[in-house]
file start-v4.cif (mmCIF, C-alpha atoms)
data_start
#
loop_
_atom_site.label_atom_id
_atom_site.label_comp_id
_atom_site.auth_asym_id
_atom_site.auth_seq_id
_atom_site.Cartn_x
_atom_site.Cartn_y
_atom_site.Cartn_z
CA MET P 10 1.93 0.10 -26.80
CA ARG P 11 1.34 -2.23 -23.89
CA THR P 12 5.08 -2.46 -23.38
CA ALA P 13 5.54 1.28 -23.03
CA TYR P 14 2.53 1.22 -20.72
CA HIS P 15 4.02 -1.41 -18.45
CA GLU P 16 7.29 0.45 -18.43
CA GLU P 17 5.40 3.53 -17.25
CA LEU P 18 3.73 1.51 -14.50
CA GLU P 19 7.10 0.14 -13.43
CA SER P 20 8.67 3.57 -13.46
CA ILE P 21 6.03 4.70 -10.97
CA THR P 22 7.04 1.91 -8.61
CA ASP P 23 10.69 2.82 -9.19
CA SER P 24 9.96 6.38 -8.09
CA LEU P 25 8.26 5.13 -4.94
CA VAL P 26 11.33 3.03 -4.15
CA ASP P 27 13.57 6.05 -4.77
CA MET P 28 11.42 8.14 -2.44
CA ALA P 29 11.57 5.44 0.26
CA HIS P 30 15.36 5.32 -0.04
CA LEU P 31 15.66 9.10 0.18
CA VAL P 32 13.45 9.44 3.25
CA GLY P 33 15.06 6.41 4.92
CA SER P 34 18.44 8.05 4.48
CA ALA P 35 17.01 11.39 5.65
CA ILE P 36 15.70 10.00 8.94
CA GLY P 37 19.05 8.30 9.58
CA ARG P 38 20.99 11.49 8.95
CA ALA P 39 18.48 13.60 10.89
CA THR P 40 18.95 11.31 13.87
CA THR P 41 22.71 11.72 13.72
CA ALA P 42 22.29 15.48 13.44
CA LEU P 43 20.00 15.43 16.47
CA LEU P 44 22.26 13.29 18.64
CA ASP P 45 25.52 15.01 17.66
CA ALA P 46 24.13 18.56 17.38
CA ASP P 47 25.56 18.61 13.86
CA LEU P 48 24.21 21.76 12.26
CA GLN P 49 25.67 21.16 8.81
CA LEU P 50 24.13 17.71 8.61
CA ALA P 51 20.79 19.08 9.85
CA GLU P 52 20.84 21.75 7.14
CA SER P 53 21.59 19.18 4.46
CA VAL P 54 18.63 17.02 5.56
CA ILE P 55 16.36 20.07 5.56
CA ALA P 56 17.49 21.09 2.06
CA ALA P 57 17.27 17.56 0.64
CA ASP P 58 13.54 17.26 1.33
CA GLU P 59 12.83 19.29 -1.79
CA LYS P 60 13.99 16.36 -3.88
CA VAL P 61 11.36 14.13 -2.23
CA ASP P 62 8.64 16.72 -2.86
CA ASP P 63 9.70 16.97 -6.51
CA LEU P 64 9.60 13.21 -6.90
CA GLN P 65 6.12 13.12 -5.44
CA ARG P 66 4.74 15.81 -7.68
CA ASP P 67 6.31 14.20 -10.72
CA LEU P 68 4.95 10.79 -9.75
CA GLU P 69 1.49 12.24 -9.27
CA ASN P 70 1.53 13.87 -12.70
CA ARG P 71 2.70 10.67 -14.35
CA ALA P 72 0.06 8.61 -12.54
CA ILE P 73 -2.73 10.94 -13.64
CA ALA P 74 -1.41 11.03 -17.22
CA LEU P 75 -1.31 7.25 -17.23
CA LEU P 76 -4.88 7.01 -15.94
CA ALA P 77 -6.06 9.41 -18.63
CA ARG P 78 -4.18 7.86 -21.54
CA GLN P 79 -4.29 4.17 -20.74
CA GLN P 80 -7.41 3.86 -18.62
CA PRO P 81 -6.10 0.84 -16.74
CA VAL P 82 -8.52 -1.53 -15.02
CA ALA P 83 -8.36 -4.22 -12.36
CA THR P 84 -4.88 -4.74 -10.84
CA ASP P 85 -3.20 -2.04 -12.90
CA LEU P 86 -5.77 0.52 -11.80
CA ARG P 87 -5.23 -0.54 -8.22
CA ILE P 88 -1.48 -0.12 -8.63
CA VAL P 89 -1.81 3.43 -9.91
CA VAL P 90 -4.34 4.57 -7.29
CA THR P 91 -2.40 2.93 -4.47
CA SER P 92 0.82 4.54 -5.70
CA LEU P 93 -0.76 7.93 -5.20
CA ARG P 94 -1.52 7.01 -1.59
CA MET P 95 1.93 5.60 -0.99
CA SER P 96 3.64 8.64 -2.48
CA ALA P 97 1.70 10.80 -0.02
CA ASP P 98 2.96 8.61 2.85
CA LEU P 99 6.52 8.92 1.63
CA GLU P 100 6.31 12.66 1.07
CA ARG P 101 5.03 13.06 4.63
CA SER P 102 7.82 10.84 5.98
CA GLY P 103 10.27 13.20 4.33
CA ASP P 104 8.63 16.12 6.16
CA LEU P 105 9.00 14.27 9.46
CA ALA P 106 12.71 13.61 8.86
CA GLN P 107 13.02 17.31 8.11
CA HIS P 108 11.22 18.12 11.39
CA VAL P 109 13.75 16.02 13.33
CA ALA P 110 16.57 17.93 11.61
CA LYS P 111 14.88 21.22 12.50
CA LEU P 112 14.80 20.22 16.17
CA ALA P 113 18.57 19.74 15.95
CA ARG P 114 18.98 23.10 14.27
CA ARG P 115 16.76 24.95 16.71
CA ARG P 116 18.79 23.80 19.73
CA TYR P 117 22.23 24.11 18.13
CA PRO P 118 24.90 24.35 19.56
CA GLU P 119 23.15 22.61 22.45
CA ARG P 120 21.97 19.04 22.08
CA ALA P 121 18.21 18.56 22.04
CA VAL P 122 18.40 15.05 23.48
CA PRO P 123 19.52 14.50 27.07
CA ARG P 124 22.22 11.92 27.70
CA ASP P 125 19.91 9.35 29.33
CA LEU P 126 17.61 9.33 26.30
CA ARG P 127 20.29 9.11 23.60
CA ARG P 128 20.10 5.33 23.38
CA THR P 129 16.31 5.38 23.02
CA ILE P 130 16.35 8.08 20.34
CA LEU P 131 19.15 6.29 18.52
CA GLU P 132 17.10 3.09 18.53
CA MET P 133 14.03 4.98 17.30
CA GLY P 134 16.04 6.54 14.49
CA GLN P 135 17.59 3.25 13.44
CA LEU P 136 14.28 1.43 13.63
CA ALA P 137 12.60 4.15 11.55
CA GLN P 138 15.31 3.84 8.92
CA ARG P 139 15.07 0.03 8.95
CA LEU P 140 11.27 0.05 8.64
CA MET P 141 11.52 2.35 5.63
CA ALA P 142 14.18 0.09 4.06
CA GLN P 143 11.82 -2.86 4.58
CA ALA P 144 8.99 -0.87 3.02
CA ALA P 145 11.19 -0.15 -0.01
CA GLU P 146 11.97 -3.85 -0.33
CA VAL P 147 8.32 -4.80 -0.03
CA LEU P 148 7.51 -2.27 -2.77
CA ILE P 149 9.82 -4.25 -5.06
CA THR P 150 9.02 -7.81 -3.99
CA HIS P 151 5.32 -7.51 -3.08
CA ASP P 152 6.11 -10.07 -0.39
CA VAL P 153 3.00 -10.15 1.85
CA GLU P 154 4.72 -11.94 4.73
CA ALA P 155 7.44 -9.30 4.83
CA ALA P 156 4.85 -6.55 4.60
CA LEU P 157 2.93 -7.92 7.58
CA GLN P 158 6.20 -8.36 9.47
CA LEU P 159 6.69 -4.59 9.24
CA GLU P 160 3.58 -4.10 11.30
CA GLN P 161 4.99 -6.27 14.04
CA ASP P 162 8.37 -4.57 13.95
CA ASP P 163 6.54 -1.30 14.41
CA ASP P 164 5.35 -2.54 17.81
CA ARG P 165 8.87 -1.88 19.05
CA MET P 166 8.52 1.74 17.95
CA ASP P 167 5.37 2.05 20.04
CA GLU P 168 7.27 0.56 23.01
CA LEU P 169 10.07 3.06 22.57
CA HIS P 170 7.57 5.88 22.30
CA ARG P 171 5.96 4.77 25.57
CA LEU P 172 9.41 4.55 27.15
CA ILE P 173 10.03 8.19 26.24
CA PHE P 174 6.79 9.19 27.93
CA GLN P 175 7.69 7.21 31.03
CA HIS P 176 10.95 9.09 31.14
CA LEU P 177 9.27 12.44 30.65
CA LEU P 178 6.65 11.83 33.32
CA ASP P 179 9.12 10.43 35.81
CA ASP P 180 9.64 12.62 38.87
CA GLN P 181 13.36 12.31 38.24
CA TRP P 182 13.15 14.39 35.04
CA HIS P 183 15.58 17.23 35.54
CA HIS P 184 16.23 18.41 31.99
CA GLY P 185 13.74 21.23 32.08
CA VAL P 186 10.70 22.04 30.01
CA GLU P 187 12.44 22.98 26.75
CA THR P 188 14.05 19.56 26.51
CA ALA P 189 10.75 17.93 27.49
CA VAL P 190 9.06 19.73 24.59
CA ASP P 191 11.79 18.69 22.12
CA THR P 192 11.72 15.11 23.34
CA THR P 193 7.92 14.94 23.08
CA LEU P 194 8.08 16.21 19.50
CA ALA P 195 10.97 13.93 18.51
CA GLY P 196 9.12 10.91 19.88
CA ARG P 197 6.03 11.85 17.95
CA TYR P 198 7.99 12.41 14.70
CA TYR P 199 9.63 8.99 14.84
CA GLU P 200 6.39 7.25 15.68
CA ARG P 201 4.57 8.93 12.77
CA PHE P 202 7.46 8.20 10.41
CA ALA P 203 7.17 4.51 11.29
CA ASP P 204 3.39 4.65 10.82
CA HIS P 205 3.92 5.86 7.27
CA ALA P 206 6.37 3.03 6.54
CA VAL P 207 3.75 0.59 7.86
CA SER P 208 1.10 2.30 5.77
CA VAL P 209 3.18 1.75 2.61
CA ALA P 210 3.50 -1.92 3.53
CA ARG P 211 -0.26 -2.18 4.10
CA HIS P 212 -0.90 -0.71 0.69
CA VAL P 213 1.37 -3.37 -0.81
CA VAL P 214 -0.63 -6.06 1.01
CA TYR P 215 -3.76 -4.61 -0.51
CA LEU P 216 -2.16 -4.62 -3.96
CA ALA P 217 -0.96 -8.18 -3.63
CA THR P 218 -4.08 -9.70 -2.08
CA GLY P 219 -6.99 -7.31 -2.65
CA GLU P 220 -7.53 -7.42 1.12
CA HIS P 221 -6.82 -4.64 3.57
CA ALA P 222 -3.97 -5.47 5.92
CA ASP P 223 -6.07 -5.26 9.10
CA GLU P 224 -8.49 -7.85 7.76
CA LEU P 225 -5.59 -10.18 7.15
CA THR P 226 -3.87 -9.64 10.44
CA THR P 227 -6.89 -10.03 12.70
CA ASP P 228 -7.25 -13.58 11.41
CA SER P 229 -3.60 -14.34 11.73
CA PRO P 230 -2.04 -15.81 14.90
CA ALA P 231 0.99 -13.64 14.16
CA THR P 232 -0.73 -10.59 15.63
CA VAL P 233 -1.26 -12.04 19.09
CA MET H 12 -25.64 6.40 -18.40
CA ARG H 13 -23.83 9.72 -18.14
CA THR H 14 -26.39 10.93 -15.65
CA ALA H 15 -25.83 8.04 -13.27
CA TYR H 16 -22.13 8.70 -13.72
CA HIS H 17 -22.39 12.34 -12.77
CA GLU H 18 -24.53 11.41 -9.80
CA GLU H 19 -21.76 9.07 -8.70
CA LEU H 20 -19.21 11.86 -9.06
CA GLU H 21 -21.39 14.19 -7.04
CA SER H 22 -21.97 11.60 -4.36
CA ILE H 23 -18.20 11.39 -3.88
CA THR H 24 -18.08 15.14 -3.25
CA ASP H 25 -21.06 14.77 -0.90
CA SER H 26 -19.14 12.20 1.12
CA LEU H 27 -16.16 14.54 1.37
CA VAL H 28 -18.43 17.28 2.67
CA ASP H 29 -19.94 14.84 5.19
CA MET H 30 -16.49 13.87 6.34
CA ALA H 31 -15.48 17.52 6.72
CA HIS H 32 -18.59 18.21 8.79
CA LEU H 33 -17.95 15.20 11.01
CA VAL H 34 -14.32 16.04 11.71
CA GLY H 35 -15.12 19.73 12.18
CA SER H 36 -17.67 18.79 14.81
CA ALA H 37 -15.21 16.30 16.33
CA ILE H 38 -12.47 18.90 16.83
CA GLY H 39 -14.98 21.28 18.41
CA ARG H 40 -16.24 18.66 20.84
CA ALA H 41 -12.74 17.39 21.55
CA THR H 42 -11.70 20.92 22.49
CA THR H 43 -14.61 21.22 24.91
CA ALA H 44 -13.74 17.83 26.38
CA LEU H 45 -10.14 18.96 26.79
CA LEU H 46 -10.97 22.29 28.41
CA ASP H 47 -13.73 20.97 30.68
CA ALA H 48 -12.14 17.59 31.45
CA ASP H 49 -15.39 16.03 30.22
CA LEU H 50 -14.73 12.30 30.01
CA GLN H 51 -18.06 11.35 28.49
CA LEU H 52 -17.67 13.85 25.69
CA ALA H 53 -14.09 12.69 25.09
CA GLU H 54 -15.26 9.07 24.82
CA SER H 55 -17.97 10.03 22.36
CA VAL H 56 -15.44 11.82 20.12
CA ILE H 57 -13.11 8.83 20.28
CA ALA H 58 -15.91 6.41 19.36
CA ALA H 59 -17.30 8.61 16.57
CA ASP H 60 -14.08 8.50 14.56
CA GLU H 61 -15.03 5.06 13.26
CA LYS H 62 -17.75 6.70 11.21
CA VAL H 63 -15.16 8.90 9.49
CA ASP H 64 -12.96 5.90 8.74
CA ASP H 65 -15.95 4.04 7.29
CA LEU H 66 -16.83 6.98 5.08
CA GLN H 67 -13.29 7.13 3.81
CA ARG H 68 -13.07 3.47 2.95
CA ASP H 69 -16.44 3.60 1.25
CA LEU H 70 -15.47 6.69 -0.73
CA GLU H 71 -12.23 5.04 -1.80
CA ASN H 72 -14.04 1.95 -3.06
CA ARG H 73 -16.57 4.03 -4.96
CA ALA H 74 -13.83 6.17 -6.52
CA ILE H 75 -11.91 3.13 -7.70
CA ALA H 76 -15.07 1.49 -9.04
CA LEU H 77 -15.89 4.67 -10.90
CA LEU H 78 -12.40 4.86 -12.42
CA ALA H 79 -12.68 1.25 -13.56
CA ARG H 80 -16.21 1.42 -14.97
CA GLN H 81 -16.35 4.92 -16.39
CA GLN H 82 -12.71 5.67 -17.18
CA PRO H 83 -13.14 9.40 -16.77
CA VAL H 84 -10.69 11.78 -18.40
CA ALA H 85 -9.72 15.44 -18.03
CA THR H 86 -11.54 17.31 -15.25
CA ASP H 87 -13.57 14.31 -14.11
CA LEU H 88 -10.45 12.21 -13.72
CA ARG H 89 -8.87 15.03 -11.74
CA ILE H 90 -11.93 15.20 -9.49
CA VAL H 91 -11.76 11.51 -8.66
CA VAL H 92 -8.02 11.38 -8.04
CA THR H 93 -8.10 14.55 -5.97
CA SER H 94 -11.02 13.21 -3.94
CA LEU H 95 -8.85 10.30 -2.89
CA ARG H 96 -6.23 12.74 -1.62
CA MET H 97 -8.79 14.90 0.15
CA SER H 98 -10.44 11.93 1.82
CA ALA H 99 -7.02 10.97 3.22
CA ASP H 100 -6.67 14.51 4.64
CA LEU H 101 -10.07 14.32 6.23
CA GLU H 102 -9.55 10.86 7.66
CA ARG H 103 -6.31 12.06 9.23
CA SER H 104 -8.06 15.16 10.65
CA GLY H 105 -10.49 12.81 12.35
CA ASP H 106 -7.57 10.97 13.94
CA LEU H 107 -6.20 14.26 15.22
CA ALA H 108 -9.53 15.24 16.80
CA GLN H 109 -9.51 11.81 18.40
CA HIS H 110 -5.98 12.43 19.70
CA VAL H 111 -7.13 15.66 21.37
CA ALA H 112 -9.98 13.75 23.02
CA LYS H 113 -7.51 11.10 24.17
CA LEU H 114 -5.42 13.79 25.86
CA ALA H 115 -8.54 14.81 27.80
CA ARG H 116 -9.24 11.19 28.73
CA ARG H 117 -5.67 10.46 29.79
CA ARG H 118 -5.62 13.33 32.27
CA TYR H 119 -9.18 12.94 33.58
CA PRO H 120 -10.32 13.98 36.20
CA GLU H 121 -7.55 16.56 36.00
CA ARG H 122 -7.52 19.15 33.26
CA ALA H 123 -4.76 18.80 30.70
CA VAL H 124 -4.69 22.53 29.92
CA PRO H 125 -3.45 25.01 32.52
CA ARG H 126 -5.64 28.01 33.22
CA ASP H 127 -3.39 30.55 31.51
CA LEU H 128 -3.46 28.60 28.24
CA ARG H 129 -7.22 27.93 28.12
CA ARG H 130 -7.93 30.94 25.97
CA THR H 131 -5.23 30.02 23.45
CA ILE H 132 -6.36 26.40 23.21
CA LEU H 133 -9.98 27.51 22.90
CA GLU H 134 -9.01 29.80 20.04
CA MET H 135 -7.04 27.02 18.36
CA GLY H 136 -10.01 24.66 18.67
CA GLN H 137 -12.48 27.20 17.32
CA LEU H 138 -10.15 28.19 14.49
CA ALA H 139 -9.62 24.53 13.57
CA GLN H 140 -13.37 23.97 13.46
CA ARG H 141 -13.89 27.14 11.41
CA LEU H 142 -11.15 26.24 8.92
CA MET H 143 -12.74 22.85 8.40
CA ALA H 144 -16.17 24.44 7.91
CA GLN H 145 -14.61 26.74 5.29
CA ALA H 146 -13.00 23.72 3.62
CA ALA H 147 -16.41 22.00 3.49
CA GLU H 148 -17.91 25.08 1.90
CA VAL H 149 -15.11 25.35 -0.63
CA LEU H 150 -15.67 21.69 -1.52
CA ILE H 151 -19.21 22.64 -2.50
CA THR H 152 -18.64 26.02 -4.14
CA HIS H 153 -15.18 25.50 -5.71
CA ASP H 154 -14.62 29.17 -4.87
CA VAL H 155 -10.91 29.79 -5.45
CA GLU H 156 -10.81 33.09 -3.54
CA ALA H 157 -12.34 31.44 -0.49
CA ALA H 158 -9.94 28.51 -0.83
CA LEU H 159 -6.93 30.80 -0.87
CA GLN H 160 -8.36 32.75 2.06
CA LEU H 161 -8.15 29.55 4.12
CA GLU H 162 -4.42 29.59 3.72
CA GLN H 163 -4.24 33.08 5.16
CA ASP H 164 -6.57 32.26 8.04
CA ASP H 165 -4.27 29.38 8.85
CA ASP H 166 -1.50 31.92 9.57
CA ARG H 167 -3.32 32.68 12.81
CA MET H 168 -3.04 29.01 13.77
CA ASP H 169 0.72 29.18 13.27
CA GLU H 170 0.80 32.30 15.46
CA LEU H 171 -1.16 30.54 18.20
CA HIS H 172 1.14 27.55 17.91
CA ARG H 173 4.16 29.82 18.37
CA LEU H 174 2.44 31.47 21.33
CA ILE H 175 2.10 28.08 23.00
CA PHE H 176 5.81 27.46 22.54
CA GLN H 177 6.65 30.86 23.98
CA HIS H 178 4.57 29.97 27.01
CA LEU H 179 6.20 26.58 27.35
CA LEU H 180 9.72 27.95 27.07
CA ASP H 181 9.07 30.85 29.40
CA ASP H 182 10.97 30.67 32.69
CA GLN H 183 7.67 31.32 34.42
CA TRP H 184 6.28 27.91 33.40
CA HIS H 185 5.25 26.24 36.63
CA HIS H 186 2.80 23.59 35.47
CA GLY H 187 5.31 20.77 35.43
CA VAL H 188 6.53 18.45 32.72
CA GLU H 189 3.38 16.37 32.26
CA THR H 190 1.35 19.43 31.37
CA ALA H 191 4.18 20.66 29.13
CA VAL H 192 4.04 17.35 27.26
CA ASP H 193 0.25 17.50 26.89
CA THR H 194 0.36 21.11 25.77
CA THR H 195 3.08 20.37 23.21
CA LEU H 196 1.01 17.53 21.77
CA ALA H 197 -2.24 19.50 21.77
CA GLY H 198 -0.56 22.38 19.94
CA ARG H 199 0.82 20.00 17.37
CA TYR H 200 -2.58 18.28 16.85
CA TYR H 201 -4.41 21.54 16.20
CA GLU H 202 -1.72 22.79 13.86
CA ARG H 203 -1.79 19.56 11.84
CA PHE H 204 -5.59 19.54 11.78
CA ALA H 205 -5.53 23.04 10.29
CA ASP H 206 -2.89 21.94 7.76
CA HIS H 207 -5.24 19.24 6.53
CA ALA H 208 -8.10 21.72 6.14
CA VAL H 209 -5.74 23.94 4.11
CA SER H 210 -4.66 20.93 2.08
CA VAL H 211 -8.30 20.20 1.17
CA ALA H 212 -8.68 23.82 0.04
CA ARG H 213 -5.48 23.60 -2.03
CA HIS H 214 -6.81 20.51 -3.75
CA VAL H 215 -9.96 22.42 -4.62
CA VAL H 216 -7.84 25.22 -6.11
CA TYR H 217 -6.08 22.63 -8.22
CA LEU H 218 -9.43 21.20 -9.32
CA ALA H 219 -10.83 24.59 -10.21
CA THR H 220 -7.78 26.05 -11.93
CA GLY H 221 -5.44 23.20 -12.85
CA GLU H 222 -2.74 25.08 -10.94
CA HIS H 223 -1.26 24.13 -7.62
CA ALA H 224 -2.15 26.57 -4.87
CA ASP H 225 1.45 27.58 -4.09
CA GLU H 226 1.98 28.64 -7.72
CA LEU H 227 -1.07 30.83 -7.48
CA THR H 228 -0.26 32.36 -4.13
CA THR H 229 3.37 33.24 -4.86
CA ASP H 230 2.21 35.47 -7.67
CA SER H 231 -0.59 36.99 -5.65
CA PRO H 232 -0.14 40.13 -3.55
CA ALA H 233 -2.49 38.52 -1.05
CA THR H 234 0.33 36.39 0.35
CA VAL H 235 2.50 39.31 1.40
#
call {"tool": "encode", "arguments": {"input": "start-v4.cif", "output": "structure tokens"}}
result
Amino acid sequence: MRTAYHEELESITDSLVDMAHLVGSAIGRATTALLDADLQLAESVIAADEKVDDLQRDLENRAIALLARQQPVATDLRIVVTSLRMSADLERSGDLAQHVAKLARRRYPERAVPRDLRRTILEMGQLAQRLMAQAAEVLITHDVEAALQLEQDDDRMDELHRLIFQHLLDDQWHHGVETAVDTTLAGRYYERFADHAVSVARHVVYLATGEHADELTTDSPATV
Amino acid sequence: MRTAYHEELESITDSLVDMAHLVGSAIGRATTALLDADLQLAESVIAADEKVDDLQRDLENRAIALLARQQPVATDLRIVVTSLRMSADLERSGDLAQHVAKLARRRYPERAVPRDLRRTILEMGQLAQRLMAQAAEVLITHDVEAALQLEQDDDRMDELHRLIFQHLLDDQWHHGVETAVDTTLAGRYYERFADHAVSVARHVVYLATGEHADELTTDSPATV
């Protein structure tokens, strides 16, 4: 009985990892679609989000069934409850990747991103994908150091987001209002995507230590 | 024993209602701060969000303690798990109200909203506050009709959001890029805030009927 139970618990983590892989791939492909004005790729990202939503709903049902049948306590209970939170983060990340793809689609055949911001958006897209890959790894390893590292790596995302604003508010901006709107939204989507990856990592820290990640990091010299 | 247990369950719902009231008030005050460029009001909204975060953390701890001690099943289990999801929605709504207030603060003493968009932003702010008040009510009454109504009322928010984009992308736009950026973000914040109110209502539908709200609404003529 306990064995089947632990298999169920593990299968919930497996689903979270699958979701993280799917949304990591989605943000990477959405970024390519955005930069290359690739409509077909954008459409495929938009369509693929359904799979993430299905995984989330399925995970939620399994988690609730497990709570009802097995009534886990202590660490196991924490794993199940936290999984519900993490699955919500991942589902939302999938939506954000889809939003990036929709920006590409809306401006097609034009490109939504002006030439002088391509490098920044590319870096944001790659960083978002990398952060989600790290989150997936942390879900498997429960490595607290690596989880806290994610938070620091996210600082670069905030820098890039600020850089976008500097660009937008510069008097030299000559790409017009429509592109300003798209760029504002894209910046926001990437920043939120990264926040969700960090949130997953924080939940893992909580699982591994019983402490919330902010409590840990305020004491740590690593945050300075 | 069971009485204390049901009191605990009820106190979780009470906290959700408190959170909904707080964030509803926050979005209302943030909108005033934004429209009037009222720095003091903006600061008070920004500071007040801590209270919402505290409520959420407290609710989460109580829910987990209740799961561990009482091991609820069936409807009670669903109430606890769903409360965790709803508290996340409400916490996030608080962040969004705070973001609106931060827009006001960033542009102070200037106004972030141009004159010809004041009415639209005012309507978005009022609608957001009203949707959250409805969500709070639905949390108390578990009235499925009222919960589904929220979804329809949210259609107006989507209309207003589209109206903002039309304005932004109009050739007549002469408020510059900074205001375009602020307006884009404000529109997005209100729309997301309303989504979270709708999400709370959907969770209530699930609690009351065991069905997810989209399954109910696709069969209902009310969605046409």
call {"tool": "closest_atom_pairs", "arguments": {"input": "start-v4.cif", "of": "chain H", "to": "chain P", "cutoff": "10 Å", "atoms": "only C-alpha atoms", "output": "CSV"}}
result
residue,atom,partner,partner_atom,distance
H:Glu71,CA,P:Val90,CA,9.6
H:Ala74,CA,P:Val90,CA,9.7
H:Ile75,CA,P:Arg87,CA,7.6
H:Ala76,CA,P:Val82,CA,9.4
H:Leu78,CA,P:Val82,CA,7.9
H:Ala79,CA,P:Val82,CA,5.2
H:Arg80,CA,P:Val82,CA,8.2
H:Gln81,CA,P:Gln80,CA,9.3
H:Gln82,CA,P:Gln80,CA,5.8
H:Pro83,CA,P:Ala77,CA,7.3
H:Val84,CA,P:Ala77,CA,5.2
H:Ala85,CA,P:Ala77,CA,7.1
H:Leu88,CA,P:Ala77,CA,7.2
H:Arg89,CA,P:Ile73,CA,7.6
H:Val92,CA,P:Ile73,CA,7.7
H:Thr93,CA,P:Leu93,CA,9.9
H:Leu95,CA,P:Arg94,CA,8.1
H:Arg96,CA,P:Arg94,CA,7.4
H:Ala99,CA,P:Arg94,CA,8.3
H:Phe176,CA,P:Val190,CA,8.6
H:Leu179,CA,P:Val186,CA,6.9
H:Leu180,CA,P:Glu187,CA,5.7
H:Asp181,CA,P:Glu187,CA,9.0
H:Asp182,CA,P:Val186,CA,9.0
H:Trp184,CA,P:Val186,CA,8.1
H:His185,CA,P:Val186,CA,9.5
H:His186,CA,P:Val186,CA,9.7
H:Gly187,CA,P:Val186,CA,7.7
H:Val188,CA,P:Val186,CA,6.1
H:Glu189,CA,P:Leu178,CA,5.7
H:Thr190,CA,P:Leu178,CA,9.5
H:Ala191,CA,P:Val186,CA,6.7
H:Val192,CA,P:Val190,CA,6.2
H:Asp193,CA,P:Thr193,CA,8.9
H:Thr194,CA,P:Val190,CA,8.9
H:Thr195,CA,P:Val190,CA,6.2
H:Leu196,CA,P:Thr193,CA,7.5
H:Arg199,CA,P:Leu194,CA,8.5
call {"tool": "residues_near_point", "arguments": {"input": "start-v4.cif", "point": "(8.6, 4.7, 2.3)", "cutoff": "9 Å", "atoms": "all atoms listed in the file", "output": "PyMOL selection string"}}
result
chain P and resi 25-33+95-96+98-100+102-103+140-145+148+202+205-210
call {"tool": "resolve_selection", "arguments": {"input": "start-v4.cif", "expression": "the PyMOL selection byres ((chain H and resi 115) around 9)", "output": "ChimeraX atom specification"}}
result
/H:41-42,44-50,53,110-114,116-124
call {"tool": "atom_distance", "arguments": {"input": "start-v4.cif", "atom1": "CA of Val215 (chain H)", "atom2": "CA of Glu19 (chain H)"}}
result
18.3 Å
call {"tool": "atom_distance", "arguments": {"input": "start-v4.cif", "atom1": "CA of Leu64 (chain P)", "atom2": "CA of Gly37 (chain P)"}}
result
19.6 Å
call {"tool": "atom_distance", "arguments": {"input": "start-v4.cif", "atom1": "CA of Arg103 (chain H)", "atom2": "CA of Asp204 (chain P)"}}
result
12.3 Å
call {"tool": "closest_residue", "arguments": {"input": "start-v4.cif", "among": "P:Met133, P:Ile149, P:Val61, P:Ala56", "to": "Ser20 (chain P)", "atoms": "only C-alpha atoms"}}
result
P:Ile149
